[in-house]
Amino acid sequence: MEPIVVVTTFFAASIRMAIPLALAGLGESISEKSGLLNIGVEAIMLCGAFFSFMVVFSTGSFFLGILAGMLGGLSMSMLHALLSIRFKANQTIVGLAQNFLALGLTSFLFLMSFGQTTTLPSTKVLGDLPIPLLSSIPFIGQVLFSQNLFVYLTLGCMVLAHICFYKTDFGVALHAVGEHPIAADTAGLQVHTIRYIAALFNGILGGLGGAYLTTVKLGFFQENITAGKGYIALVAVILGKRTPFGILGAALVIGGAEALQIRLQTAGTGIPSQLFAMFPYLMTIAALLLTIGSAHDPAALGIPYDRDKR
Amino acid sequence: MKRRDDEWVSLLIVIGATLLVAFGLIALVGSNLMVAVSSFLRGIFGSSYAMSEVLVRATPLMLAALGVSIGFKTGFTNLGAEGQLYMGAIAITATALVFPGLPPIVMIPLVILVGFAAGGAWALVPGFLKARFSISEVIMTIMLNYVAINLVGILVRTGLKDPAYPYPMSPILPESANFMQLLPPTRIHAGLVMALLMVIAVHLLVFRSRLGFEMRAVGLNGRACHCSGIQVNRATILSAIAGGGLAGLAGVSEIAGLHHRLIEGISPGFGYVAIIVALLGKNHPFGIVFASIGIAALQIGSMAMQRTAGVPTSIASIVMGALILFLVIRDSRQSIAILEGV
């Protein structure tokens with residue numbers, strides 16, 4: 001293969017690997033900006049992956065499937081929001097418990113529907129959708145504009161989120177309730193409502209990230225299909241400093257590591273594949289070390305807001 | 001007295017709600033409820049062997065959960081018990097294979113020590129990074145789990161591989177590294193005794209020592225501790241090391257007591273379930289004894305239920321998750337006070 005083709009396919013693959021991380025990471029960043037720390041991204045993505053697969057499998061409609069994935073993610077993020085806001089629960093513990101719940105629930109429902117099978121039930125996957133004209137630009141056209149719908153959707157979400165965060169009143173409100181809920185409340189902002197809205201976006205985007213795995217990337221579901229992607233999305237949030245393009249960049253770096261390790265695994269080097277499988281995780285650890293000294297968390301992150309308390 | 005009654009009533013509601021979830025799921029798969037429940041109970045209490053299997057499974061859970069609970073005391077949210085367990089397992093395997101000639105009297109303490117050190121070292125990294133640079137230990141410990149699991153995969157194919165077989169596993173360890181079988185037809189081994197001794201040790205450390213007092217104080221209010229001269233970073237790091245070490249012992253115990261060789265997947269998520277166990281046991285060593293036996297029974301029982309009534313074992317994860325969520329709701333009034341410390 002020509003070197004340019006190798007580079008092009010590698011970049012295209014990196015982008016595809018980065019999509020679920022970027023979507024879920026963007027959702028989580030909205031949640032965290034409002035002060036809700038949800039480490040149950042794994043649960044959101046798992047439910048998104050499972051329910052979108054089930055609906056695509058039974059109806060054949062990608063539209064309905066993706067919608068179901070968003071609803072699946074939404075159910076998890078809203079449960080987290082309810083327990084964190086209404087019941088002022090420890091958000092980390094709720095997120096953890098939800099990860100257990102979702103892992104059990106999705107594999108339970110999957111086994112219930114299909115039983116123990118040797119061949120995994122599978123569906124068609126959402127195909128590529130090259131954009132006319134743009135896709136014929138050399139290199140960039142191949143990397144960016146010959147992708148599937150989710151890639152364009154993700155890029156669109158990033159731009160919208162950037163505008164929303166930094167150019168709108170809602171963005172100001174979002175930051176305010178996460179940094180200083182008492183002041184925000186005094187200024188007339190509905191702290192709890194804004195946090196629920198943030199959780200809503202978290203569920204929808206995380207659910208989309210999960211749906212991507214089954215409807216675009218794989219076309220099948222299996223137990224624990226996310227395999228820690230939800231946690232890696234949390235890393236992308238920190239690395240990207242909760243800015244949309246930062247998260248996209250972080251997701252691309254991690255996605256690139258993932259694409260590289262798959263390349264190397266299949267290259268048949270005789271080295272145990274686990275060495276390569278370990279690579280993206282080591283990469284995220286190294287990247288986390290680079291954030292030393294520059295990380296800034298919202299001041300009220302993980303702390304429930306109680307109007308009657310000071 | 002009134003308050004006490006309230007607590008019992010709310011606890012009964014939690015148990016009732018959890019059972020309702022479980023029964024609903026059983027009904028959903030279309031299994032006969034009576035058959036499912038009776039196979040669940042017979043899976044646990046049906047024979048002395050079944051009961052012994054609960055204790056066998058409770059052993060690593062107890063050790064790892066003790067480790068998780070020590071971290072929780074200082075606010076070190078250790079989700080890395082899984083990786084620390086695997087590091088302990090690697091340590092005992094490597095040690096026993098490198099020094100096969102040692103007599104048991106030297107070998108056993110050595111592998112326990114090395115296993116503890118390996119698990120502790122694996123937790124030291126996120127502990128240090130949290131204390132010194134406030135890097136999220138939640139993410140760091142999870143990432144290190146994946147690294148450790150892959151490390152086992154590499155080692156059983158390279159350095160620690162048994163050359164006599166084509167499979168990815170280590171050779172059988174020398175007998176001097178085996179834990180004693182306590183009640184021979186059953187698989188109960190000395191690891192259980194070690195776990196119970198550790199329960200006492202953790203109790204003494206946390207509630208009867210100066211360091212334990214400092215750890216608890218740091219968990220409640222780090223800033224106040226710093227101002228009153230307690231070394232916050234030291235307490236955090238030490239709780240991380242001790243916690244990781246205990247999880248490492250869970251790995252030692254699984255190898256020395258059950259598998260006698262390193263293979264992939266020796267832990268079906270013990271390190272993650274241990275977090276649930278620690279939470280259910282209210283982070284108290286004695287509570288963890290009961291919680292680990294209870295969760296082990298839940299898992300053993302649901303395996304029997306899958307065999308007999310066709311209910312997938314994942315019901316155990318759902319029940320654990322739901323139980324924690326219900327408890328969180330129940331504690332929401334009291335938890336406000338606790339939360340402000342965390």
# chains A, B, ... in the order shown; residues from 1 in each chain; ligands from 1
>>> select_by_dssp(residues="region 51-184 of chain B", states="helix (DSSP H, G or I)", output="ChimeraX atom specification")
/B:51-74,81-98,104-133,137-155,175-177
>>> residues_around(residues="Ala211 (chain A)", least_positions_apart="2", cutoff="12 Å", atoms="only C-alpha atoms", output="PyMOL selection string")
chain A and resi 19-21+23-24+44-56+62-73+125-126+150+203-209+213-221+225-226
>>> write_last_selection(atoms="C-alpha atoms", output="short mmCIF file (atom, residue, chain, number, x, y, z; two decimals), in the first residue's frame")
data_model
loop_
_atom_site.label_atom_id
_atom_site.label_comp_id
_atom_site.auth_asym_id
_atom_site.auth_seq_id
_atom_site.Cartn_x
_atom_site.Cartn_y
_atom_site.Cartn_z
CA ILE A 19 -16.76 9.32 17.85
CA PRO A 20 -18.31 7.44 20.81
CA LEU A 21 -15.75 8.95 23.20
CA LEU A 23 -20.13 12.20 22.02
CA ALA A 24 -20.23 10.71 25.52
CA ILE A 44 -25.47 5.43 29.73
CA MET A 45 -23.45 4.08 26.80
CA LEU A 46 -24.33 0.46 27.52
CA CYS A 47 -28.04 1.24 27.56
CA GLY A 48 -27.65 3.32 24.40
CA ALA A 49 -25.85 0.46 22.67
CA PHE A 50 -28.28 -2.18 23.82
CA PHE A 51 -31.58 -0.47 23.13
CA SER A 52 -30.52 0.85 19.75
CA PHE A 53 -29.40 -2.65 18.76
CA MET A 54 -32.66 -4.21 19.91
CA VAL A 55 -34.79 -1.73 18.00
CA VAL A 56 -32.71 -1.91 14.82
CA PHE A 62 -31.90 3.03 12.03
CA PHE A 63 -33.88 6.13 12.86
CA LEU A 64 -35.94 4.35 15.50
CA GLY A 65 -32.87 2.49 16.74
CA ILE A 66 -30.86 5.64 17.30
CA LEU A 67 -33.87 7.21 19.00
CA ALA A 68 -34.11 4.18 21.29
CA GLY A 69 -30.42 4.48 22.08
CA MET A 70 -30.90 8.08 23.13
CA LEU A 71 -33.86 7.12 25.30
CA GLY A 72 -31.84 4.29 26.88
CA GLY A 73 -29.06 6.69 27.76
CA VAL A 125 -24.67 -1.28 9.97
CA LEU A 126 -25.26 2.31 8.99
CA PHE A 150 -22.40 10.05 13.15
CA GLY A 203 -28.11 11.00 28.47
CA ILE A 204 -28.88 11.87 24.85
CA LEU A 205 -25.25 12.31 23.82
CA GLY A 206 -23.98 9.32 25.82
CA GLY A 207 -26.82 7.23 24.43
CA LEU A 208 -25.80 8.30 20.92
CA GLY A 209 -22.22 7.31 21.71
CA LEU A 213 -21.05 1.11 18.77
CA THR A 214 -23.88 -1.21 17.77
CA THR A 215 -25.50 0.54 14.81
CA VAL A 216 -22.41 1.80 13.00
CA LYS A 217 -19.29 0.08 14.24
CA LEU A 218 -20.27 -3.49 15.03
CA GLY A 219 -23.82 -4.39 14.08
CA PHE A 220 -24.14 -6.73 17.07
CA PHE A 221 -24.44 -6.57 20.84
CA ILE A 225 -19.83 -4.21 24.84
CA THR A 226 -18.56 -0.81 26.00
#
>>> interface_residues(of="chain A", to="chain B", cutoff="7 Å", atoms="only C-alpha atoms", output="ChimeraX atom specification")
/A:87-90,94,97-98,100-101,104-105,107-108,111-112,231,235,272,274-275,278,281,285,292
>>> select_by_dssp(residues="region 126-280 of chain B", states="strand (DSSP E or B)", output="short mmCIF file (atom, residue, chain, number, x, y, z; two decimals) with all heavy atoms, in the first residue's frame")
data_model
loop_
_atom_site.label_atom_id
_atom_site.label_comp_id
_atom_site.auth_asym_id
_atom_site.auth_seq_id
_atom_site.Cartn_x
_atom_site.Cartn_y
_atom_site.Cartn_z
N MET B 169 -1.00 -20.20 30.28
CA MET B 169 -1.08 -20.32 31.74
C MET B 169 0.31 -20.59 32.27
O MET B 169 1.20 -21.01 31.54
CB MET B 169 -2.04 -21.44 32.13
CG MET B 169 -1.71 -22.79 31.54
SD MET B 169 -3.03 -23.96 31.88
CE MET B 169 -2.24 -25.50 31.44
N GLN B 181 -5.73 -26.67 52.83
CA GLN B 181 -7.17 -26.91 52.69
C GLN B 181 -7.72 -27.19 54.09
O GLN B 181 -7.20 -28.04 54.79
CB GLN B 181 -7.43 -28.11 51.77
CG GLN B 181 -6.88 -27.93 50.36
CD GLN B 181 -7.56 -26.80 49.61
OE1 GLN B 181 -8.78 -26.69 49.60
NE2 GLN B 181 -6.76 -25.91 48.99
N HIS B 189 -10.12 -22.81 52.13
CA HIS B 189 -8.69 -22.86 52.37
C HIS B 189 -8.27 -21.79 53.36
O HIS B 189 -9.09 -20.96 53.79
CB HIS B 189 -7.93 -22.70 51.04
CG HIS B 189 -8.32 -21.47 50.29
ND1 HIS B 189 -7.77 -20.24 50.53
CD2 HIS B 189 -9.26 -21.28 49.32
CE1 HIS B 189 -8.32 -19.34 49.73
NE2 HIS B 189 -9.24 -19.94 49.00
N ILE B 263 -3.65 -17.99 35.69
CA ILE B 263 -4.37 -18.05 34.42
C ILE B 263 -5.08 -16.72 34.24
O ILE B 263 -5.22 -15.95 35.18
CB ILE B 263 -5.42 -19.20 34.39
CG1 ILE B 263 -6.13 -19.27 35.72
CG2 ILE B 263 -4.80 -20.51 34.00
CD1 ILE B 263 -7.28 -20.24 35.74
#
>>> residues_around(residues="Leu144 (chain A)", least_positions_apart="2", cutoff="12 Å", atoms="only C-alpha atoms", output="MDAnalysis selection string")
chainID A and resid 8:16 128:131 134:142 146:152 154:155
>>> write_last_selection(atoms="C-alpha atoms", output="tab-separated table (two decimals), in the first residue's frame")
chain	number	residue	atom	x	y	z
A	8	THR	CA	-5.49	8.31	5.18
A	9	THR	CA	-7.09	5.08	6.39
A	10	PHE	CA	-5.39	5.47	9.76
A	11	PHE	CA	-6.78	8.98	10.27
A	12	ALA	CA	-10.21	7.91	9.09
A	13	ALA	CA	-10.10	4.97	11.53
A	14	SER	CA	-8.97	7.25	14.36
A	15	ILE	CA	-11.96	9.48	13.78
A	16	ARG	CA	-14.32	6.50	13.83
A	128	ASP	CA	-20.90	5.67	4.87
A	129	LEU	CA	-22.41	8.83	3.49
A	130	PRO	CA	-19.83	10.68	1.40
A	131	ILE	CA	-20.64	14.34	0.99
A	134	LEU	CA	-16.21	17.79	-0.44
A	135	SER	CA	-15.40	14.09	-0.37
A	136	SER	CA	-13.40	14.40	-3.56
A	137	ILE	CA	-10.88	16.76	-1.98
A	138	PRO	CA	-7.67	14.76	-1.74
A	139	PHE	CA	-6.80	13.45	1.76
A	140	ILE	CA	-9.22	15.66	3.77
A	141	GLY	CA	-12.11	14.43	1.66
A	142	GLN	CA	-11.17	10.83	2.40
A	146	SER	CA	-16.43	10.16	3.31
A	147	GLN	CA	-17.59	9.08	6.75
A	148	ASN	CA	-20.87	7.97	8.28
A	149	LEU	CA	-23.66	10.17	9.55
A	150	PHE	CA	-22.40	10.05	13.15
A	151	VAL	CA	-19.12	11.72	12.25
A	152	TYR	CA	-20.89	14.74	10.78
A	154	THR	CA	-20.53	14.74	16.19
A	155	LEU	CA	-18.76	17.61	14.48
>>> residues_around(residues="Arg234 (chain B)", least_positions_apart="3", cutoff="12 Å", atoms="only C-alpha atoms", output="mmCIF file with C-alpha atoms, in the first residue's frame")
data_model
loop_
_atom_site.group_PDB
_atom_site.id
_atom_site.type_symbol
_atom_site.label_atom_id
_atom_site.label_comp_id
_atom_site.auth_asym_id
_atom_site.auth_seq_id
_atom_site.Cartn_x
_atom_site.Cartn_y
_atom_site.Cartn_z
ATOM 1 C CA THR B 74 -9.602 8.924 53.651
ATOM 2 C CA LEU B 124 0.478 3.820 45.387
ATOM 3 C CA GLY B 127 -2.687 7.451 45.691
ATOM 4 C CA PHE B 128 0.399 9.575 45.203
ATOM 5 C CA LYS B 130 -4.226 12.159 44.031
ATOM 6 C CA ALA B 131 -2.444 13.380 47.155
ATOM 7 C CA ARG B 132 0.258 15.348 45.417
ATOM 8 C CA LEU B 211 -2.841 6.496 61.931
ATOM 9 C CA GLY B 212 -6.384 5.151 61.645
ATOM 10 C CA GLU B 214 -5.841 10.430 61.126
ATOM 11 C CA MET B 215 -7.217 8.547 58.124
ATOM 12 C CA VAL B 218 -8.800 13.228 56.684
ATOM 13 C CA GLY B 222 -8.988 17.275 54.940
ATOM 14 C CA CYS B 225 -6.715 18.173 59.372
ATOM 15 C CA HIS B 226 -4.147 20.114 57.426
ATOM 16 C CA GLY B 229 -1.054 19.459 61.736
ATOM 17 C CA ILE B 230 -2.147 16.076 60.402
ATOM 18 C CA GLN B 231 -0.187 15.094 57.303
ATOM 19 C CA ILE B 237 -1.139 7.605 50.418
ATOM 20 C CA LEU B 238 -0.881 5.118 53.283
ATOM 21 C CA SER B 239 -4.580 4.280 53.023
ATOM 22 C CA ALA B 240 -4.127 3.723 49.293
ATOM 23 C CA ILE B 241 -1.156 1.407 49.851
#
>>> atom_distance(atom1="CA of Tyr165 (chain B)", atom2="CA of Gly251 (chain B)")
23.3 Å
>>> residues_around(residues="Thr193 (chain A)", least_positions_apart="6", cutoff="12 Å", atoms="only C-alpha atoms", output="CSV table (one decimal) with N, CA and C atoms, in the first residue's frame")
chain,number,residue,atom,x,y,z
A,34,SER,N,-22.4,21.7,35.0
A,34,SER,CA,-23.6,22.1,35.9
A,34,SER,C,-23.3,21.7,37.3
A,78,MET,N,-31.1,10.4,33.7
A,78,MET,CA,-32.1,11.1,34.5
A,78,MET,C,-32.3,10.4,35.9
A,81,ALA,N,-29.6,11.9,37.8
A,81,ALA,CA,-29.9,13.3,38.2
A,81,ALA,C,-30.9,13.3,39.3
A,82,LEU,N,-31.9,12.5,39.2
A,82,LEU,CA,-33.0,12.4,40.3
A,82,LEU,C,-32.4,12.1,41.6
A,85,ILE,N,-30.0,15.1,42.7
A,85,ILE,CA,-30.6,16.4,43.0
A,85,ILE,C,-31.7,16.2,44.0
A,86,ARG,N,-32.6,15.3,43.8
A,86,ARG,CA,-33.8,15.2,44.7
A,86,ARG,C,-33.3,14.6,46.0
A,170,PHE,N,-27.8,30.5,28.2
A,170,PHE,CA,-27.8,29.1,28.9
A,170,PHE,C,-26.4,28.7,29.3
A,173,ALA,N,-25.5,30.4,32.4
A,173,ALA,CA,-26.3,29.8,33.5
A,173,ALA,C,-25.7,28.4,33.9
A,174,LEU,N,-25.3,27.7,32.9
A,174,LEU,CA,-24.7,26.3,33.1
A,174,LEU,C,-23.4,26.4,34.0
A,177,VAL,N,-24.3,27.7,37.7
A,177,VAL,CA,-24.8,26.7,38.7
A,177,VAL,C,-23.7,25.7,39.1
A,181,PRO,N,-23.5,27.7,42.9
A,181,PRO,CA,-25.0,27.6,42.9
A,181,PRO,C,-25.7,28.6,43.7
A,185,ASP,N,-28.5,30.9,42.3
A,185,ASP,CA,-29.9,30.9,42.8
A,185,ASP,C,-30.3,32.3,43.1
A,199,ALA,N,-28.3,17.0,32.6
A,199,ALA,CA,-28.4,15.5,32.6
A,199,ALA,C,-29.1,15.0,31.4
A,200,LEU,N,-30.1,15.8,30.9
A,200,LEU,CA,-30.8,15.4,29.7
A,200,LEU,C,-29.8,15.3,28.5
A,305,TYR,N,-26.8,20.7,45.7
A,305,TYR,CA,-27.2,22.1,46.1
A,305,TYR,C,-28.4,22.0,47.1
>>> atom_distance(atom1="CA of Val277 (chain B)", atom2="CA of Ile108 (chain B)")
27.3 Å
>>> atom_distance(atom1="CA of Glu32 (chain A)", atom2="CA of Arg242 (chain A)")
8.1 Å
>>> residues_around(residues="region 195-198 of chain B", least_positions_apart="2", cutoff="9 Å", atoms="only C-alpha atoms", output="MDAnalysis selection string")
chainID B and resid 59:60 62:63 66 190:193 200:203 246 249:250 253 285 289
>>> residues_around(residues="Pro244 (chain A)", least_positions_apart="4", cutoff="8 Å", atoms="only C-alpha atoms", output="list in words")
Leu26, Met158, Val159, Ala161, His162, Gly240 and Leu248 of chain A
>>> write_last_selection(atoms="all heavy atoms", output="CSV table (one decimal), in the first residue's frame")
chain,number,residue,atom,x,y,z
A,26,LEU,N,-18.7,14.8,25.5
A,26,LEU,CA,-19.3,16.1,25.4
A,26,LEU,C,-20.5,16.1,26.4
A,26,LEU,O,-20.8,17.1,27.1
A,26,LEU,CB,-19.8,16.4,24.0
A,26,LEU,CG,-20.5,17.7,23.7
A,26,LEU,CD1,-19.6,18.8,24.0
A,26,LEU,CD2,-21.1,17.8,22.3
A,158,MET,N,-20.3,19.4,18.3
A,158,MET,CA,-19.2,20.1,18.9
A,158,MET,C,-19.4,21.7,18.7
A,158,MET,O,-19.2,22.5,19.6
A,158,MET,CB,-17.9,19.6,18.3
A,158,MET,CG,-17.6,18.2,18.7
A,158,MET,SD,-17.3,18.1,20.5
A,158,MET,CE,-17.4,16.3,20.7
A,159,VAL,N,-19.7,22.0,17.4
A,159,VAL,CA,-19.8,23.4,17.1
A,159,VAL,C,-21.0,24.0,17.9
A,159,VAL,O,-20.8,25.1,18.5
A,159,VAL,CB,-20.0,23.6,15.6
A,159,VAL,CG1,-20.3,25.0,15.2
A,159,VAL,CG2,-18.8,23.1,14.8
A,161,ALA,N,-22.3,23.0,20.7
A,161,ALA,CA,-22.0,23.0,22.1
A,161,ALA,C,-21.0,24.2,22.4
A,161,ALA,O,-21.2,24.9,23.4
A,161,ALA,CB,-21.3,21.7,22.5
A,162,HIS,N,-20.1,24.4,21.5
A,162,HIS,CA,-19.2,25.6,21.7
A,162,HIS,C,-20.0,26.9,21.7
A,162,HIS,O,-19.7,27.7,22.6
A,162,HIS,CB,-18.1,25.6,20.5
A,162,HIS,CG,-17.1,26.7,20.7
A,162,HIS,ND1,-16.0,26.6,21.5
A,162,HIS,CD2,-17.1,27.9,20.2
A,162,HIS,CE1,-15.4,27.7,21.4
A,162,HIS,NE2,-16.0,28.6,20.7
A,240,GLY,N,-9.7,17.2,27.8
A,240,GLY,CA,-10.2,18.3,27.0
A,240,GLY,C,-10.6,19.5,27.8
A,240,GLY,O,-11.1,20.5,27.2
A,248,LEU,N,-13.0,16.8,21.7
A,248,LEU,CA,-12.8,16.2,20.4
A,248,LEU,C,-11.4,15.8,20.2
A,248,LEU,O,-11.0,14.7,19.8
A,248,LEU,CB,-13.3,17.1,19.3
A,248,LEU,CG,-13.3,16.6,17.9
A,248,LEU,CD1,-14.3,15.4,17.8
A,248,LEU,CD2,-13.7,17.7,16.9
>>> closest_residue(among="B:Ala36, B:Ala17, B:Ile44, B:Leu205", to="Leu298 (chain B)", atoms="only C-alpha atoms")
B:Ile44
